[in-house]
Amino acid sequence: MKLICIGRNYTEHIKELENERPTDPVVFLKPDTAILLKKQPFFIPDFSNDVHHEVEILVKINKVGKHISEKFAHKYYNEIGLGIDFTARDLQAQLKEKGLPWEKAKAFDGAAVIGNWLPKTEFNDINNLNFSLKKNDQLVQNGNTSHMLWKIDALIEYVSKYFTLKIGDIIFTGTPAGVGRVEPNDQLTGYIENQQMFSITVK
């Protein structure tokens, strides 16, 4: 399985990082080795002094598809989840400055938190979902899927032009504003609406 990640999908996050608004979704991949194992802490890697949390709505693909039309995309997933795309911001800045790929800053071991999954039928409208991240019980990120530049089904159409989607693939749909640095002993807890989806410790 693969993790397909979308960058710059929320306007306020684009502004906070002073990035250019994209004309197409920004796509990058993480390998399965980036997944943080269940009940394990996140260890800040020794090659970064500035790792940021980025909370994101996740979608799990449930059947194989290629060149999927947006109007049929809803048939390719049954579950919605929440996760964190950890980013070594200092390393990413160095790589971007040189015009190099981001993978070392985004796809390192443990850089993808995948929380619990919920049936999409639990929600009235997946394009109007509230989600949030608390750091040490303080709200740091608060988003709603209605603010996505590209909604879930549009992302599936776009991504499937380039990559065959397979059962178990996970799409990270982008992060809202409020990303920030994590420190040892931080506790990160994520929510969809009022349901807790994960809680991890930083080491």
# chains A, B, ... in the order shown; residues from 1 in each chain; ligands from 1
>>> residues_around(residues="range 65-69 of chain A", least_positions_apart="6", cutoff="6 Å", atoms="only C-alpha atoms", output="MDAnalysis selection string")
chainID A and resid 157 160:161 164:165
>>> write_last_selection(atoms="N, CA and C atoms", output="compact mmCIF listing (two decimals), in the first residue's frame")
# COMPACT_ATOMS: atom_id res chain seq x y z
N GLU A 157 -10.09 11.71 -8.32
CA GLU A 157 -10.04 11.81 -9.79
C GLU A 157 -8.64 12.24 -10.24
N SER A 160 -5.78 9.58 -9.44
CA SER A 160 -5.89 8.33 -10.20
C SER A 160 -5.52 8.49 -11.67
N LYS A 161 -5.31 9.73 -12.11
CA LYS A 161 -4.77 9.93 -13.46
C LYS A 161 -3.31 9.49 -13.53
N THR A 164 -2.33 4.24 -10.18
CA THR A 164 -3.40 3.28 -9.95
C THR A 164 -3.65 3.21 -8.44
N LEU A 165 -4.88 3.40 -8.04
CA LEU A 165 -5.24 3.28 -6.63
C LEU A 165 -5.55 1.83 -6.31
>>> closest_atom_pairs(of="range 18-127 of chain A", to="range 182-185 of chain A", cutoff="8 Å", atoms="only C-alpha atoms", output="JSON lines")
{"residue": "A:Ile44", "atom": "CA", "partner": "A:Pro184", "partner_atom": "CA", "distance": 7.6}
{"residue": "A:Asp50", "atom": "CA", "partner": "A:Val182", "partner_atom": "CA", "distance": 7.5}
{"residue": "A:Val51", "atom": "CA", "partner": "A:Val182", "partner_atom": "CA", "distance": 6.0}
{"residue": "A:His52", "atom": "CA", "partner": "A:Val182", "partner_atom": "CA", "distance": 5.8}
{"residue": "A:His53", "atom": "CA", "partner": "A:Val182", "partner_atom": "CA", "distance": 6.7}
>>> select_by_dssp(residues="range 25-180 of chain A", states="strand (DSSP E)", output="VMD selection string")
chain A and resid 26 to 30 51 to 53 55 to 61 77 to 85 87 to 88 112 to 119 130 to 135 138 to 144 170 to 172 180
>>> closest_residue(among="A:Arg21, A:His147, A:Lys30, A:His74", to="Ala105 in chain A", atoms="only C-alpha atoms")
A:Lys30
>>> closest_residue(among="A:Phe42, A:Ser199, A:Ala107, A:Val59", to="Lys151 in chain A", atoms="only C-alpha atoms")
A:Val59
>>> select_by_dssp(residues="range 16-46 of chain A", states="helix (DSSP H, G or I)", output="mmCIF file with N, CA and C atoms, in the first residue's frame")
data_model
loop_
_atom_site.group_PDB
_atom_site.id
_atom_site.type_symbol
_atom_site.label_atom_id
_atom_site.label_comp_id
_atom_site.auth_asym_id
_atom_site.auth_seq_id
_atom_site.Cartn_x
_atom_site.Cartn_y
_atom_site.Cartn_z
ATOM 1 N N GLU A 16 0.070 30.853 5.629
ATOM 2 C CA GLU A 16 0.962 30.846 6.788
ATOM 3 C C GLU A 16 2.375 30.396 6.432
ATOM 4 N N ASP A 32 5.247 2.889 3.058
ATOM 5 C CA ASP A 32 4.567 2.301 4.213
ATOM 6 C C ASP A 32 5.452 2.308 5.462
ATOM 7 N N THR A 33 6.752 2.415 5.290
ATOM 8 C CA THR A 33 7.654 2.485 6.449
ATOM 9 C C THR A 33 7.525 3.803 7.203
ATOM 10 N N ALA A 34 6.837 4.793 6.600
ATOM 11 C CA ALA A 34 6.617 6.064 7.290
ATOM 12 C C ALA A 34 5.513 5.965 8.343
#
>>> atom_distance(atom1="CA of Gly168 in chain A", atom2="CA of Asn62 in chain A")
6.2 Å
>>> residues_around(residues="Pro101 in chain A", least_positions_apart="5", cutoff="10 Å", atoms="only C-alpha atoms", output="list in words")
Phe28, Gln92, Leu95, Lys96 and Lys106 of chain A
>>> closest_residue(among="A:Arg181, A:Leu149, A:Ser132, A:Gln138", to="Asp90 in chain A", atoms="only C-alpha atoms")
A:Arg181
>>> closest_residue(among="A:Gly180, A:Pro45, A:Pro25, A:Gly83", to="Ile200 in chain A", atoms="only C-alpha atoms")
A:Gly83
>>> closest_residue(among="A:Val140, A:Leu100, A:Ile80, A:Leu129", to="Gly190 in chain A", atoms="only C-alpha atoms")
A:Val140
>>> residues_around(residues="Gln141 in chain A", least_positions_apart="5", cutoff="8 Å", atoms="only C-alpha atoms", output="number ranges by chain")
A: 55, 132-134, 176-179
>>> closest_atom_pairs(of="range 66-105 of chain A", to="range 36-41 of chain A", cutoff="12 Å", atoms="only C-alpha atoms", output="tab-separated table")
residue	atom	partner	partner_atom	distance
A:Gly83	CA	A:Leu36	CA	10.1
A:Ile84	CA	A:Leu36	CA	9.7
A:Asp85	CA	A:Leu36	CA	10.5
A:Phe86	CA	A:Leu36	CA	10.3
>>> closest_residue(among="A:Phe43, A:Ile57, A:Glu12, A:Asn130", to="Lys203 in chain A", atoms="only C-alpha atoms")
A:Phe43
>>> residues_around(residues="Tyr77 in chain A", least_positions_apart="3", cutoff="12 Å", atoms="only C-alpha atoms", output="MDAnalysis selection string")
chainID A and resid 58:65 72:74 80:81 117:121 126 152:153 156 165:171
>>> atom_distance(atom1="CA of Gln187 in chain A", atom2="CA of Lys135 in chain A")
5.6 Å
>>> atom_distance(atom1="CA of Asn49 in chain A", atom2="CA of Met197 in chain A")
27.1 Å
>>> decode(residues="range 158-170 of chain A", atoms="all heavy atoms", output="short mmCIF file (atom, residue, chain, number, x, y, z; two decimals), in the first residue's frame")
data_model
loop_
_atom_site.label_atom_id
_atom_site.label_comp_id
_atom_site.auth_asym_id
_atom_site.auth_seq_id
_atom_site.Cartn_x
_atom_site.Cartn_y
_atom_site.Cartn_z
N TYR A 158 -8.10 13.27 -9.59
CA TYR A 158 -6.80 13.80 -10.01
C TYR A 158 -5.68 12.79 -9.78
O TYR A 158 -4.88 12.52 -10.69
CB TYR A 158 -6.50 15.09 -9.24
CG TYR A 158 -5.23 15.76 -9.69
CD1 TYR A 158 -5.20 16.55 -10.83
CD2 TYR A 158 -4.04 15.58 -8.97
CE1 TYR A 158 -4.02 17.16 -11.26
CE2 TYR A 158 -2.86 16.18 -9.39
CZ TYR A 158 -2.86 16.97 -10.54
OH TYR A 158 -1.69 17.55 -10.97
N VAL A 159 -5.62 12.24 -8.58
CA VAL A 159 -4.54 11.31 -8.24
C VAL A 159 -4.57 10.07 -9.13
O VAL A 159 -3.53 9.57 -9.57
CB VAL A 159 -4.63 10.93 -6.75
CG1 VAL A 159 -3.74 9.74 -6.44
CG2 VAL A 159 -4.23 12.12 -5.87
N SER A 160 -5.78 9.58 -9.44
CA SER A 160 -5.89 8.33 -10.20
C SER A 160 -5.52 8.49 -11.67
O SER A 160 -5.40 7.51 -12.40
CB SER A 160 -7.31 7.75 -10.07
OG SER A 160 -8.26 8.55 -10.73
N LYS A 161 -5.31 9.73 -12.11
CA LYS A 161 -4.77 9.93 -13.46
C LYS A 161 -3.31 9.49 -13.53
O LYS A 161 -2.83 9.07 -14.58
CB LYS A 161 -4.85 11.42 -13.85
CG LYS A 161 -6.23 11.90 -14.21
CD LYS A 161 -6.18 13.23 -14.96
CE LYS A 161 -5.61 14.35 -14.11
NZ LYS A 161 -5.73 15.68 -14.79
N TYR A 162 -2.62 9.62 -12.40
CA TYR A 162 -1.18 9.36 -12.36
C TYR A 162 -0.81 8.03 -11.71
O TYR A 162 0.17 7.40 -12.08
CB TYR A 162 -0.47 10.50 -11.61
CG TYR A 162 -0.69 11.85 -12.25
CD1 TYR A 162 -1.73 12.68 -11.83
CD2 TYR A 162 0.11 12.28 -13.31
CE1 TYR A 162 -1.95 13.91 -12.43
CE2 TYR A 162 -0.09 13.51 -13.91
CZ TYR A 162 -1.13 14.32 -13.47
OH TYR A 162 -1.34 15.54 -14.08
N PHE A 163 -1.59 7.64 -10.70
CA PHE A 163 -1.29 6.42 -9.94
C PHE A 163 -2.52 5.52 -9.91
O PHE A 163 -3.62 6.00 -9.60
CB PHE A 163 -0.91 6.75 -8.49
CG PHE A 163 0.14 7.80 -8.33
CD1 PHE A 163 -0.18 9.06 -7.85
CD2 PHE A 163 1.45 7.55 -8.66
CE1 PHE A 163 0.78 10.04 -7.70
CE2 PHE A 163 2.42 8.53 -8.51
CZ PHE A 163 2.09 9.77 -8.03
N THR A 164 -2.33 4.24 -10.18
CA THR A 164 -3.40 3.28 -9.95
C THR A 164 -3.65 3.21 -8.44
O THR A 164 -2.72 2.99 -7.67
CB THR A 164 -3.02 1.89 -10.48
OG1 THR A 164 -2.86 1.97 -11.90
CG2 THR A 164 -4.10 0.87 -10.16
N LEU A 165 -4.88 3.40 -8.04
CA LEU A 165 -5.24 3.28 -6.63
C LEU A 165 -5.55 1.83 -6.31
O LEU A 165 -6.27 1.16 -7.06
CB LEU A 165 -6.44 4.18 -6.30
CG LEU A 165 -6.20 5.68 -6.48
CD1 LEU A 165 -7.46 6.47 -6.17
CD2 LEU A 165 -5.05 6.15 -5.58
N LYS A 166 -5.00 1.35 -5.21
CA LYS A 166 -5.16 -0.05 -4.84
C LYS A 166 -5.80 -0.15 -3.46
O LYS A 166 -5.78 0.81 -2.67
CB LYS A 166 -3.80 -0.76 -4.86
CG LYS A 166 -3.12 -0.68 -6.22
CD LYS A 166 -1.78 -1.39 -6.25
CE LYS A 166 -1.98 -2.87 -6.43
NZ LYS A 166 -0.68 -3.57 -6.67
N ILE A 167 -6.36 -1.31 -3.18
CA ILE A 167 -7.03 -1.54 -1.89
C ILE A 167 -6.04 -1.28 -0.75
O ILE A 167 -4.94 -1.83 -0.74
CB ILE A 167 -7.58 -2.97 -1.83
CG1 ILE A 167 -8.68 -3.16 -2.89
CG2 ILE A 167 -8.16 -3.26 -0.44
CD1 ILE A 167 -9.10 -4.60 -3.08
N GLY A 168 -6.44 -0.45 0.20
CA GLY A 168 -5.59 -0.15 1.35
C GLY A 168 -4.76 1.10 1.20
O GLY A 168 -4.19 1.58 2.18
N ASP A 169 -4.67 1.66 -0.01
CA ASP A 169 -3.99 2.94 -0.18
C ASP A 169 -4.71 4.01 0.65
O ASP A 169 -5.93 3.97 0.82
CB ASP A 169 -3.99 3.38 -1.64
CG ASP A 169 -3.02 2.59 -2.50
OD1 ASP A 169 -2.24 1.78 -1.96
OD2 ASP A 169 -3.06 2.77 -3.74
N ILE A 170 -3.93 4.96 1.16
CA ILE A 170 -4.50 6.02 2.00
C ILE A 170 -4.13 7.37 1.41
O ILE A 170 -2.97 7.61 1.06
CB ILE A 170 -3.99 5.90 3.45
CG1 ILE A 170 -4.50 4.59 4.07
CG2 ILE A 170 -4.43 7.10 4.28
CD1 ILE A 170 -3.89 4.27 5.42
#
